[in-house]
>>> print(open('start01.tsv').read())   # TSV, C-alpha atoms
chain	number	residue	atom	x	y	z
O	1	MET	CA	-13.46	17.15	17.58
O	2	LEU	CA	-13.72	20.28	15.46
O	3	LYS	CA	-17.19	19.21	14.29
O	4	LYS	CA	-18.26	18.83	17.92
O	5	CYS	CA	-16.79	22.23	18.75
O	6	LEU	CA	-18.64	23.84	15.84
O	7	LEU	CA	-21.92	22.21	16.86
O	8	LEU	CA	-21.63	23.38	20.47
O	9	LEU	CA	-20.68	26.89	19.45
O	10	CYS	CA	-23.65	27.11	17.12
O	11	LEU	CA	-26.02	25.81	19.78
O	12	ALA	CA	-24.65	28.36	22.21
O	13	ALA	CA	-25.08	31.14	19.68
O	14	TRP	CA	-28.73	30.10	19.24
O	15	GLY	CA	-29.60	29.84	22.91
O	16	PHE	CA	-27.14	31.83	24.99
O	17	ALA	CA	-25.07	34.97	24.90
O	18	ALA	CA	-22.87	36.21	27.76
O	19	ALA	CA	-23.01	39.86	28.70
O	20	ALA	CA	-20.01	40.06	31.03
O	21	THR	CA	-16.78	41.79	30.06
O	22	PRO	CA	-14.38	39.20	28.62
O	23	ILE	CA	-11.03	38.41	30.24
O	24	ILE	CA	-8.24	39.81	28.08
O	25	GLY	CA	-4.85	38.53	29.16
O	26	GLN	CA	-1.56	40.40	29.27
O	27	GLY	CA	0.09	40.67	25.87
O	28	VAL	CA	-3.17	40.53	23.90
O	29	THR	CA	-3.29	43.71	21.82
O	30	PRO	CA	-6.54	45.28	20.58
O	31	ALA	CA	-5.62	44.10	17.08
O	32	ALA	CA	-5.13	40.53	18.32
O	33	GLU	CA	-8.45	40.64	20.18
O	34	LYS	CA	-10.23	41.79	17.03
O	35	MET	CA	-8.58	39.03	14.99
O	36	VAL	CA	-9.61	36.34	17.49
O	37	ARG	CA	-13.20	37.55	17.53
O	38	GLN	CA	-13.32	37.49	13.74
O	39	ALA	CA	-11.87	33.97	13.66
O	40	VAL	CA	-14.45	32.63	16.14
O	41	ALA	CA	-17.23	34.43	14.28
O	42	ARG	CA	-16.40	32.39	11.17
O	43	LEU	CA	-17.71	29.36	13.07
O	44	ALA	CA	-20.63	30.97	14.91
O	45	ALA	CA	-21.33	34.63	14.39
O	46	LYS	CA	-23.31	35.25	17.58
O	47	VAL	CA	-21.01	33.57	20.09
O	48	GLU	CA	-19.52	35.82	22.75
O	49	VAL	CA	-15.81	35.37	23.48
O	50	ASP	CA	-15.23	35.10	27.24
O	51	SER	CA	-11.45	34.94	27.53
O	52	ILE	CA	-8.42	35.58	25.32
O	53	ARG	CA	-4.88	34.89	26.50
O	54	VAL	CA	-1.53	34.31	24.87
O	55	ALA	CA	-1.33	30.50	24.65
O	56	PRO	CA	1.59	28.43	25.95
O	57	LEU	CA	1.73	27.12	22.38
O	58	PRO	CA	3.88	29.60	20.39
O	59	GLY	CA	1.99	31.46	17.70
O	60	PHE	CA	-1.45	30.86	19.17
O	61	TYR	CA	-4.00	32.51	21.45
O	62	GLN	CA	-5.96	30.53	24.02
O	63	VAL	CA	-9.65	31.32	23.72
O	64	ILE	CA	-12.69	30.39	25.81
O	65	ALA	CA	-16.06	30.96	24.18
O	66	ALA	CA	-19.47	29.45	24.94
O	67	GLY	CA	-18.04	26.78	27.21
O	68	GLN	CA	-15.36	25.70	24.72
O	69	LEU	CA	-11.57	26.13	24.99
O	70	MET	CA	-9.82	26.65	21.67
O	71	TYR	CA	-6.49	27.76	20.26
O	72	VAL	CA	-6.50	30.34	17.46
O	73	SER	CA	-3.40	31.02	15.38
O	74	ALA	CA	-1.88	34.50	15.46
O	75	ASP	CA	-2.88	35.06	11.82
O	76	GLY	CA	-6.48	33.98	12.46
O	77	ASN	CA	-6.37	31.21	9.86
O	78	TYR	CA	-6.27	28.14	12.11
O	79	LEU	CA	-8.30	26.94	15.08
O	80	MET	CA	-7.72	23.86	17.24
O	81	ASN	CA	-9.67	22.43	20.12
O	82	GLY	CA	-8.62	19.72	22.55
O	83	ASP	CA	-6.12	19.32	25.36
O	84	LEU	CA	-2.68	20.95	25.19
O	85	LEU	CA	-0.08	18.84	26.99
O	86	ASP	CA	3.38	19.95	28.11
O	87	LEU	CA	5.47	16.85	27.42
O	88	ARG	CA	8.32	18.09	29.60
O	89	SER	CA	6.31	18.53	32.79
O	90	LYS	CA	3.54	16.11	31.71
O	91	HIS	CA	0.96	18.72	32.72
O	92	ASN	CA	-2.34	19.29	30.98
O	93	LEU	CA	-2.15	23.02	30.24
O	94	SER	CA	-5.75	23.16	29.06
O	95	LYS	CA	-7.00	21.80	32.40
O	96	ALA	CA	-4.99	24.45	34.21
O	97	ALA	CA	-6.44	27.16	31.98
O	98	TRP	CA	-9.98	25.93	32.61
O	99	ALA	CA	-9.40	25.85	36.38
O	100	ARG	CA	-8.14	29.43	36.37
O	101	PHE	CA	-11.14	30.56	34.31
O	102	ARG	CA	-13.68	28.69	36.45
O	103	LYS	CA	-12.22	30.11	39.67
O	104	ALA	CA	-12.55	33.65	38.30
O	105	GLU	CA	-16.12	33.05	37.13
O	106	LEU	CA	-17.20	31.50	40.44
O	107	ALA	CA	-15.93	34.61	42.20
O	108	THR	CA	-18.61	36.62	40.35
O	109	LEU	CA	-21.39	34.65	42.07
O	110	PRO	CA	-21.97	36.01	45.61
O	111	ALA	CA	-22.08	33.56	48.50
O	112	SER	CA	-25.33	35.19	49.61
O	113	GLU	CA	-27.01	33.98	46.40
O	114	ARG	CA	-26.01	30.34	46.87
O	115	ILE	CA	-27.84	27.75	48.93
O	116	VAL	CA	-25.25	26.60	51.44
O	117	PHE	CA	-25.01	23.47	53.58
O	118	ALA	CA	-21.85	23.81	55.64
O	119	PRO	CA	-20.24	22.68	58.92
O	120	ALA	CA	-19.14	25.28	61.46
O	121	HIS	CA	-15.52	25.32	60.31
O	122	PRO	CA	-15.21	23.80	56.84
O	123	LYS	CA	-11.84	22.62	55.57
O	124	TYR	CA	-13.03	22.52	51.97
O	125	THR	CA	-15.74	24.28	49.98
O	126	ILE	CA	-17.28	22.97	46.78
O	127	SER	CA	-19.63	24.68	44.35
O	128	VAL	CA	-22.26	22.37	42.87
O	129	PHE	CA	-24.30	23.25	39.79
O	130	THR	CA	-27.52	21.37	40.41
O	131	ASP	CA	-31.03	20.71	39.11
O	132	VAL	CA	-33.79	19.83	41.56
O	133	ASN	CA	-35.29	17.32	39.09
O	134	CYS	CA	-32.00	15.53	38.39
O	135	GLY	CA	-31.82	11.99	39.79
O	136	PHE	CA	-28.08	12.04	40.40
O	137	CYS	CA	-28.39	15.48	42.05
O	138	ARG	CA	-30.90	14.02	44.47
O	139	GLU	CA	-28.62	11.08	45.20
O	140	LEU	CA	-25.71	13.44	45.79
O	141	HIS	CA	-27.79	15.52	48.19
O	142	LYS	CA	-28.37	12.43	50.32
O	143	HIS	CA	-24.66	12.68	51.20
O	144	VAL	CA	-24.74	16.34	52.31
O	145	ALA	CA	-24.65	15.50	56.00
O	146	ALA	CA	-21.70	13.15	55.41
O	147	PHE	CA	-19.92	15.83	53.34
O	148	ASN	CA	-20.38	18.31	56.18
O	149	LYS	CA	-19.14	15.78	58.73
O	150	ALA	CA	-15.99	15.38	56.62
O	151	GLY	CA	-15.43	19.14	56.76
O	152	ILE	CA	-16.82	19.91	53.29
O	153	ALA	CA	-19.14	22.86	52.70
O	154	VAL	CA	-21.61	22.43	49.83
O	155	GLU	CA	-22.68	25.59	47.98
O	156	TYR	CA	-25.46	24.99	45.47
O	157	LEU	CA	-25.79	26.95	42.24
O	158	ALA	CA	-28.78	26.70	39.94
O	159	TRP	CA	-28.41	24.96	36.58
O	160	PRO	CA	-31.81	23.85	35.21
O	161	ARG	CA	-30.98	21.25	32.56
O	162	GLU	CA	-33.99	22.31	30.48
O	163	GLY	CA	-32.51	25.79	30.24
O	164	VAL	CA	-34.15	29.05	31.21
O	165	THR	CA	-36.72	29.35	28.43
O	166	THR	CA	-38.40	27.06	25.93
O	167	ILE	CA	-38.20	27.53	22.16
O	168	SER	CA	-41.39	29.59	22.41
O	169	GLY	CA	-39.77	31.87	24.98
O	170	ARG	CA	-41.68	30.66	28.03
O	171	PRO	CA	-39.87	29.78	31.29
O	172	THR	CA	-39.09	26.07	31.46
O	173	PRO	CA	-40.80	24.07	34.22
O	174	THR	CA	-37.50	23.29	35.97
O	175	TYR	CA	-36.39	26.92	35.83
O	176	THR	CA	-39.70	27.92	37.40
O	177	GLU	CA	-39.25	25.35	40.18
O	178	MET	CA	-35.71	26.48	40.88
O	179	VAL	CA	-36.80	30.11	41.06
O	180	SER	CA	-39.39	29.02	43.63
O	181	VAL	CA	-36.65	27.31	45.67
O	182	TRP	CA	-34.41	30.39	45.56
O	183	CYS	CA	-37.36	32.64	46.45
O	184	ALA	CA	-38.57	30.52	49.37
O	185	GLY	CA	-38.55	31.95	52.87
O	186	ASP	CA	-36.21	29.14	53.91
O	187	ARG	CA	-34.15	28.28	50.86
O	188	ARG	CA	-32.28	25.43	52.55
O	189	ALA	CA	-35.50	23.73	53.59
O	190	ALA	CA	-37.00	24.28	50.12
O	191	MET	CA	-33.91	22.80	48.47
O	192	ALA	CA	-33.90	19.80	50.81
O	193	ALA	CA	-37.60	19.17	50.11
O	194	ALA	CA	-37.15	19.55	46.34
O	195	MET	CA	-34.30	17.05	46.44
O	196	GLN	CA	-36.78	14.61	48.00
O	197	GLY	CA	-39.22	15.10	45.13
O	198	GLN	CA	-41.48	17.63	46.84
O	199	ALA	CA	-42.32	20.44	44.41
O	200	PRO	CA	-41.67	23.85	45.99
O	201	LYS	CA	-44.49	26.27	46.71
O	202	PRO	CA	-44.67	28.64	43.71
O	203	ALA	CA	-42.83	31.87	44.45
O	204	SER	CA	-41.17	34.66	42.54
O	205	CYS	CA	-38.67	37.37	43.44
O	206	ALA	CA	-35.45	38.94	42.22
O	207	ASN	CA	-33.27	35.83	41.96
O	208	PRO	CA	-29.90	34.63	40.60
O	209	VAL	CA	-31.08	31.48	38.79
O	210	LYS	CA	-30.67	32.88	35.27
O	211	GLN	CA	-27.25	34.38	36.05
O	212	GLN	CA	-25.98	31.20	37.66
O	213	PHE	CA	-27.13	29.16	34.69
O	214	ALA	CA	-25.36	31.57	32.32
O	215	VAL	CA	-22.11	31.41	34.26
O	216	GLY	CA	-22.31	27.61	34.26
O	217	MET	CA	-22.65	27.68	30.47
O	218	LYS	CA	-19.57	29.89	30.18
O	219	MET	CA	-17.64	27.47	32.37
O	220	GLY	CA	-18.50	24.49	30.19
O	221	VAL	CA	-21.11	22.92	32.48
O	222	ASN	CA	-23.16	20.51	30.36
O	223	GLY	CA	-24.89	18.35	32.95
O	224	THR	CA	-25.77	18.06	36.61
O	225	PRO	CA	-24.49	17.69	39.17
O	226	THR	CA	-21.18	19.37	38.33
O	227	ILE	CA	-18.85	19.73	41.30
O	228	ILE	CA	-16.15	22.38	41.26
O	229	ALA	CA	-13.43	22.86	43.88
O	230	ALA	CA	-12.41	26.26	45.21
O	231	ASP	CA	-9.35	26.18	42.93
O	232	GLY	CA	-11.51	25.71	39.84
O	233	ARG	CA	-10.92	21.99	39.32
O	234	THR	CA	-13.91	19.90	38.29
O	235	LEU	CA	-14.40	16.95	40.60
O	236	GLY	CA	-17.02	15.04	38.65
O	237	GLY	CA	-20.74	14.57	39.01
O	238	TYR	CA	-22.19	12.10	41.48
O	239	VAL	CA	-19.49	11.02	43.96
O	240	THR	CA	-19.48	9.39	47.37
O	241	PRO	CA	-18.13	11.25	50.42
O	242	ALA	CA	-14.94	9.16	50.33
O	243	GLN	CA	-14.39	9.87	46.63
O	244	LEU	CA	-15.01	13.58	47.07
O	245	LEU	CA	-12.69	13.89	50.08
O	246	LYS	CA	-9.91	12.06	48.21
O	247	ALA	CA	-10.29	14.35	45.19
O	248	LEU	CA	-10.14	17.45	47.38
O	249	GLN	CA	-7.09	16.22	49.25
O	250	GLN	CA	-5.25	15.72	45.96
O	251	GLY	CA	-5.39	19.48	45.49
O	252	ASP	CA	-3.77	20.26	48.87
>>> encode(input="start01.tsv", output="C-alpha cells")
Amino acid sequence: MLKKCLLLLCLAAWGFAAAATPIIGQGVTPAAEKMVRQAVARLAAKVEVDSIRVAPLPGFYQVIAAGQLMYVSADGNYLMNGDLLDLRSKHNLSKAAWARFRKAELATLPASERIVFAPAHPKYTISVFTDVNCGFCRELHKHVAAFNKAGIAVEYLAWPREGVTTISGRPTPTYTEMVSVWCAGDRRAAMAAAMQGQAPKPASCANPVKQQFAVGMKMGVNGTPTIIAADGRTLGGYVTPAQLLKALQQGD
C-alpha cells in the first residue's frame, strides 16, 4: 500500500499541483503544519498538501495530499495510508474524512459552471465527474431522464481522463473537446450530443474545465464516471437508476 501511495504521489508531483489554500484543522499548530509538509516532501517533494487535521488516531495527523489520505506521526517519522476503523462504533473514519473533504471541495465549484440536468424540484443532487469519450459515462448519461424522473439532479463536472496537457505541453484531444462542450451556446445540448458520440463544434472561451479537473484530482478521482453525493460520499461509477436511488436513500 505504501508503494502505491508513493507512486501516486510522485505521479501527482510530476503532473499536477494544487494552488488553493490548504485546509488546516483546529489544533494544528504552525510547527505541526511545517512538520507534516516536510514529512510528505520526503516522499514527493513537489506535492501540495491539501488538508491537515488532528487524526482520531492519537499521536497522528490526518493528511490529504494529491488525492491520497495518509496519517503522519506527530514526530514526522512515520506515515501510514489505508482505512482507519473505529472498532467500537465500527465506522470507517477515513471514509468520513474523505466525505467531509469532498463536500468542501465541491462547494468551491459554482453551480453556474456545471452542466445540469435536473427535474423541477429535485430530492437529491449528485455531482458527476465525466469524460465525453468515456464509454461508461455515455451509458450513464442514457439514464439521465430516469434519474430526473426519480427526483435526482445530475450536475456534470469535467474530468478528461487524458488530463489537461500532453507530455509535450499541448492540450489533450479530450480536454479540447470538453472545452468546446463547456463553451457551446447550449451546453446541455452539446453535452447530450457528445455523449452520443457527436464531436462538439470547436469553441473556446473562459471555462472551468481545467479547474474542475484539478479539484477532481485533489478529491481522489481516478476514473470516470465518478458520482459524488451532496454529503461527499462516493456512489460509484456506472450505476442504474435503481442502484443510485438506493445509495442516495441510505444517506437519508
>>> atom_distance(input="start01.tsv", atom1="CA of Gln26 in chain O", atom2="CA of Ile126 in chain O")
29.3 Å
>>> atom_distance(input="start01.tsv", atom1="CA of Ile152 in chain O", atom2="CA of Pro122 in chain O")
5.5 Å
>>> atom_distance(input="start01.tsv", atom1="CA of Arg187 in chain O", atom2="CA of Leu157 in chain O")
12.1 Å
>>> residues_near_point(input="start01.tsv", point="(-18.1, 24.7, 41.9)", cutoff="9 Å", atoms="all atoms listed in the file", output="PyMOL selection string")
chain O and resi 102-103+106+125-129+154-157+226-235
>>> closest_residue(input="start01.tsv", among="O:Phe147, O:Tyr61, O:Asn133, O:Ala66", to="Val49 in chain O", atoms="all atoms listed in the file")
O:Ala66
>>> closest_residue(input="start01.tsv", among="O:Tyr175, O:Val215, O:Val221, O:Ala242", to="Thr108 in chain O", atoms="all atoms listed in the file")
O:Val215
>>> residues_around(input="start01.tsv", residues="range 27-37 of chain O", least_positions_apart="5", cutoff="10 Å", atoms="all atoms listed in the file", output="MDAnalysis selection string")
chainID O and resid 42 45 47:49 51:54 60:63 65 71:77 79
>>> closest_residue(input="start01.tsv", among="O:Arg138, O:Arg161, O:Arg170, O:Lys95", to="Asn222 in chain O", atoms="all atoms listed in the file")
O:Arg161
>>> closest_residue(input="start01.tsv", among="O:Ala111, O:Gly163, O:Ala206, O:Tyr124", to="Cys183 in chain O", atoms="all atoms listed in the file")
O:Ala206
>>> closest_residue(input="start01.tsv", among="O:Ala118, O:Ala192, O:Ala199, O:Val179", to="Cys137 in chain O", atoms="all atoms listed in the file")
O:Ala192
>>> closest_residue(input="start01.tsv", among="O:Ile115, O:Val144, O:Ser94, O:Phe213", to="Ala190 in chain O", atoms="all atoms listed in the file")
O:Ile115
>>> decode(input="start01.tsv", residues="range 96-196 of chain O", atoms="C-alpha atoms", output="PDB file, in the first residue's frame")
ATOM      1  CA  ALA O  96     -15.923  10.061   6.842  1.00  0.00           C
ATOM      2  CA  ALA O  97     -12.838  12.256   6.470  1.00  0.00           C
ATOM      3  CA  TRP O  98     -12.911  11.882   2.690  1.00  0.00           C
ATOM      4  CA  ALA O  99     -16.617  12.756   2.559  1.00  0.00           C
ATOM      5  CA  ARG O 100     -16.050  15.918   4.584  1.00  0.00           C
ATOM      6  CA  PHE O 101     -13.153  16.935   2.336  1.00  0.00           C
ATOM      7  CA  ARG O 102     -15.028  16.207  -0.903  1.00  0.00           C
ATOM      8  CA  LYS O 103     -18.067  18.189   0.256  1.00  0.00           C
ATOM      9  CA  ALA O 104     -15.862  21.208   0.987  1.00  0.00           C
ATOM     10  CA  GLU O 105     -14.073  20.940  -2.362  1.00  0.00           C
ATOM     11  CA  LEU O 106     -17.319  20.586  -4.334  1.00  0.00           C
ATOM     12  CA  ALA O 107     -18.536  23.794  -2.717  1.00  0.00           C
ATOM     13  CA  THR O 108     -15.702  25.644  -4.491  1.00  0.00           C
ATOM     14  CA  LEU O 109     -17.148  24.751  -7.911  1.00  0.00           C
ATOM     15  CA  PRO O 110     -20.035  27.124  -8.779  1.00  0.00           C
ATOM     16  CA  ALA O 111     -23.314  25.635  -9.950  1.00  0.00           C
ATOM     17  CA  SER O 112     -23.234  28.044 -12.893  1.00  0.00           C
ATOM     18  CA  GLU O 113     -20.098  26.303 -14.207  1.00  0.00           C
ATOM     19  CA  ARG O 114     -21.630  22.823 -14.161  1.00  0.00           C
ATOM     20  CA  ILE O 115     -23.769  21.268 -16.871  1.00  0.00           C
ATOM     21  CA  VAL O 116     -27.009  20.428 -15.100  1.00  0.00           C
ATOM     22  CA  PHE O 117     -29.823  18.034 -15.962  1.00  0.00           C
ATOM     23  CA  ALA O 118     -32.418  18.380 -13.218  1.00  0.00           C
ATOM     24  CA  PRO O 119     -36.146  17.948 -12.516  1.00  0.00           C
ATOM     25  CA  ALA O 120     -38.184  20.917 -11.318  1.00  0.00           C
ATOM     26  CA  HIS O 121     -37.928  20.008  -7.639  1.00  0.00           C
ATOM     27  CA  PRO O 122     -35.083  17.542  -7.077  1.00  0.00           C
ATOM     28  CA  LYS O 123     -34.935  15.490  -3.893  1.00  0.00           C
ATOM     29  CA  TYR O 124     -31.289  14.599  -4.421  1.00  0.00           C
ATOM     30  CA  THR O 125     -28.372  16.177  -6.265  1.00  0.00           C
ATOM     31  CA  ILE O 126     -25.307  14.317  -7.478  1.00  0.00           C
ATOM     32  CA  SER O 127     -22.066  15.657  -8.905  1.00  0.00           C
ATOM     33  CA  VAL O 128     -20.606  13.522 -11.691  1.00  0.00           C
ATOM     34  CA  PHE O 129     -17.025  13.853 -12.897  1.00  0.00           C
ATOM     35  CA  THR O 130     -17.313  12.813 -16.527  1.00  0.00           C
ATOM     36  CA  ASP O 131     -15.430  12.434 -19.801  1.00  0.00           C
ATOM     37  CA  VAL O 132     -17.314  12.766 -23.084  1.00  0.00           C
ATOM     38  CA  ASN O 133     -15.236   9.969 -24.659  1.00  0.00           C
ATOM     39  CA  CYS O 134     -15.751   7.511 -21.796  1.00  0.00           C
ATOM     40  CA  GLY O 135     -17.955   4.534 -22.679  1.00  0.00           C
ATOM     41  CA  PHE O 136     -19.378   4.091 -19.191  1.00  0.00           C
ATOM     42  CA  CYS O 137     -20.050   7.852 -18.990  1.00  0.00           C
ATOM     43  CA  ARG O 138     -22.107   7.589 -22.161  1.00  0.00           C
ATOM     44  CA  GLU O 139     -24.011   4.625 -20.776  1.00  0.00           C
ATOM     45  CA  LEU O 140     -24.686   6.505 -17.550  1.00  0.00           C
ATOM     46  CA  HIS O 141     -25.976   9.506 -19.490  1.00  0.00           C
ATOM     47  CA  LYS O 142     -28.589   7.283 -21.123  1.00  0.00           C
ATOM     48  CA  HIS O 143     -30.212   7.118 -17.670  1.00  0.00           C
ATOM     49  CA  VAL O 144     -30.371  10.891 -17.105  1.00  0.00           C
ATOM     50  CA  ALA O 145     -34.081  11.115 -17.868  1.00  0.00           C
ATOM     51  CA  ALA O 146     -34.750   8.225 -15.477  1.00  0.00           C
ATOM     52  CA  PHE O 147     -32.576   9.860 -12.797  1.00  0.00           C
ATOM     53  CA  ASN O 148     -34.562  13.072 -13.165  1.00  0.00           C
ATOM     54  CA  LYS O 149     -37.855  11.182 -13.009  1.00  0.00           C
ATOM     55  CA  ALA O 150     -36.686   9.670  -9.713  1.00  0.00           C
ATOM     56  CA  GLY O 151     -36.050  13.166  -8.341  1.00  0.00           C
ATOM     57  CA  ILE O 152     -32.279  13.164  -8.878  1.00  0.00           C
ATOM     58  CA  ALA O 153     -30.488  16.191 -10.327  1.00  0.00           C
ATOM     59  CA  VAL O 154     -27.309  15.412 -12.277  1.00  0.00           C
ATOM     60  CA  GLU O 155     -24.578  18.066 -12.255  1.00  0.00           C
ATOM     61  CA  TYR O 156     -21.706  17.286 -14.616  1.00  0.00           C
ATOM     62  CA  LEU O 157     -18.119  18.293 -13.908  1.00  0.00           C
ATOM     63  CA  ALA O 158     -15.313  17.930 -16.425  1.00  0.00           C
ATOM     64  CA  TRP O 159     -12.640  15.283 -15.876  1.00  0.00           C
ATOM     65  CA  PRO O 160     -10.831  14.452 -19.150  1.00  0.00           C
ATOM     66  CA  ARG O 161      -9.131  11.112 -18.483  1.00  0.00           C
ATOM     67  CA  GLU O 162      -6.225  12.050 -20.749  1.00  0.00           C
ATOM     68  CA  GLY O 163      -5.513  15.013 -18.499  1.00  0.00           C
ATOM     69  CA  VAL O 164      -5.285  18.653 -19.488  1.00  0.00           C
ATOM     70  CA  THR O 165      -1.993  18.604 -21.395  1.00  0.00           C
ATOM     71  CA  THR O 166       0.212  16.038 -23.084  1.00  0.00           C
ATOM     72  CA  ILE O 167       3.835  15.394 -22.125  1.00  0.00           C
ATOM     73  CA  SER O 168       4.821  17.963 -24.755  1.00  0.00           C
ATOM     74  CA  GLY O 169       2.561  20.550 -23.128  1.00  0.00           C
ATOM     75  CA  ARG O 170      -0.169  20.597 -25.779  1.00  0.00           C
ATOM     76  CA  PRO O 171      -3.865  20.358 -24.814  1.00  0.00           C
ATOM     77  CA  THR O 172      -5.090  16.768 -24.948  1.00  0.00           C
ATOM     78  CA  PRO O 173      -7.771  15.942 -27.535  1.00  0.00           C
ATOM     79  CA  THR O 174     -10.366  15.122 -24.856  1.00  0.00           C
ATOM     80  CA  TYR O 175      -9.628  18.320 -22.938  1.00  0.00           C
ATOM     81  CA  THR O 176     -10.111  20.278 -26.156  1.00  0.00           C
ATOM     82  CA  GLU O 177     -13.454  18.553 -26.805  1.00  0.00           C
ATOM     83  CA  MET O 178     -14.664  19.193 -23.278  1.00  0.00           C
ATOM     84  CA  VAL O 179     -13.720  22.863 -23.523  1.00  0.00           C
ATOM     85  CA  SER O 180     -15.812  23.004 -26.702  1.00  0.00           C
ATOM     86  CA  VAL O 181     -18.766  21.481 -24.832  1.00  0.00           C
ATOM     87  CA  TRP O 182     -18.456  23.963 -21.971  1.00  0.00           C
ATOM     88  CA  CYS O 183     -18.085  26.852 -24.431  1.00  0.00           C
ATOM     89  CA  ALA O 184     -21.064  25.876 -26.586  1.00  0.00           C
ATOM     90  CA  GLY O 185     -24.035  28.201 -26.859  1.00  0.00           C
ATOM     91  CA  ASP O 186     -26.219  25.426 -25.449  1.00  0.00           C
ATOM     92  CA  ARG O 187     -24.012  23.403 -23.132  1.00  0.00           C
ATOM     93  CA  ARG O 188     -26.712  20.865 -22.286  1.00  0.00           C
ATOM     94  CA  ALA O 189     -27.357  20.110 -25.949  1.00  0.00           C
ATOM     95  CA  ALA O 190     -23.610  19.925 -26.643  1.00  0.00           C
ATOM     96  CA  MET O 191     -23.115  17.521 -23.733  1.00  0.00           C
ATOM     97  CA  ALA O 192     -26.027  15.337 -24.823  1.00  0.00           C
ATOM     98  CA  ALA O 193     -24.664  15.193 -28.386  1.00  0.00           C
ATOM     99  CA  ALA O 194     -21.120  14.427 -27.205  1.00  0.00           C
ATOM    100  CA  MET O 195     -22.460  11.590 -25.068  1.00  0.00           C
ATOM    101  CA  GLN O 196     -23.945  10.153 -28.269  1.00  0.00           C
TER     102      GLN O 196
END
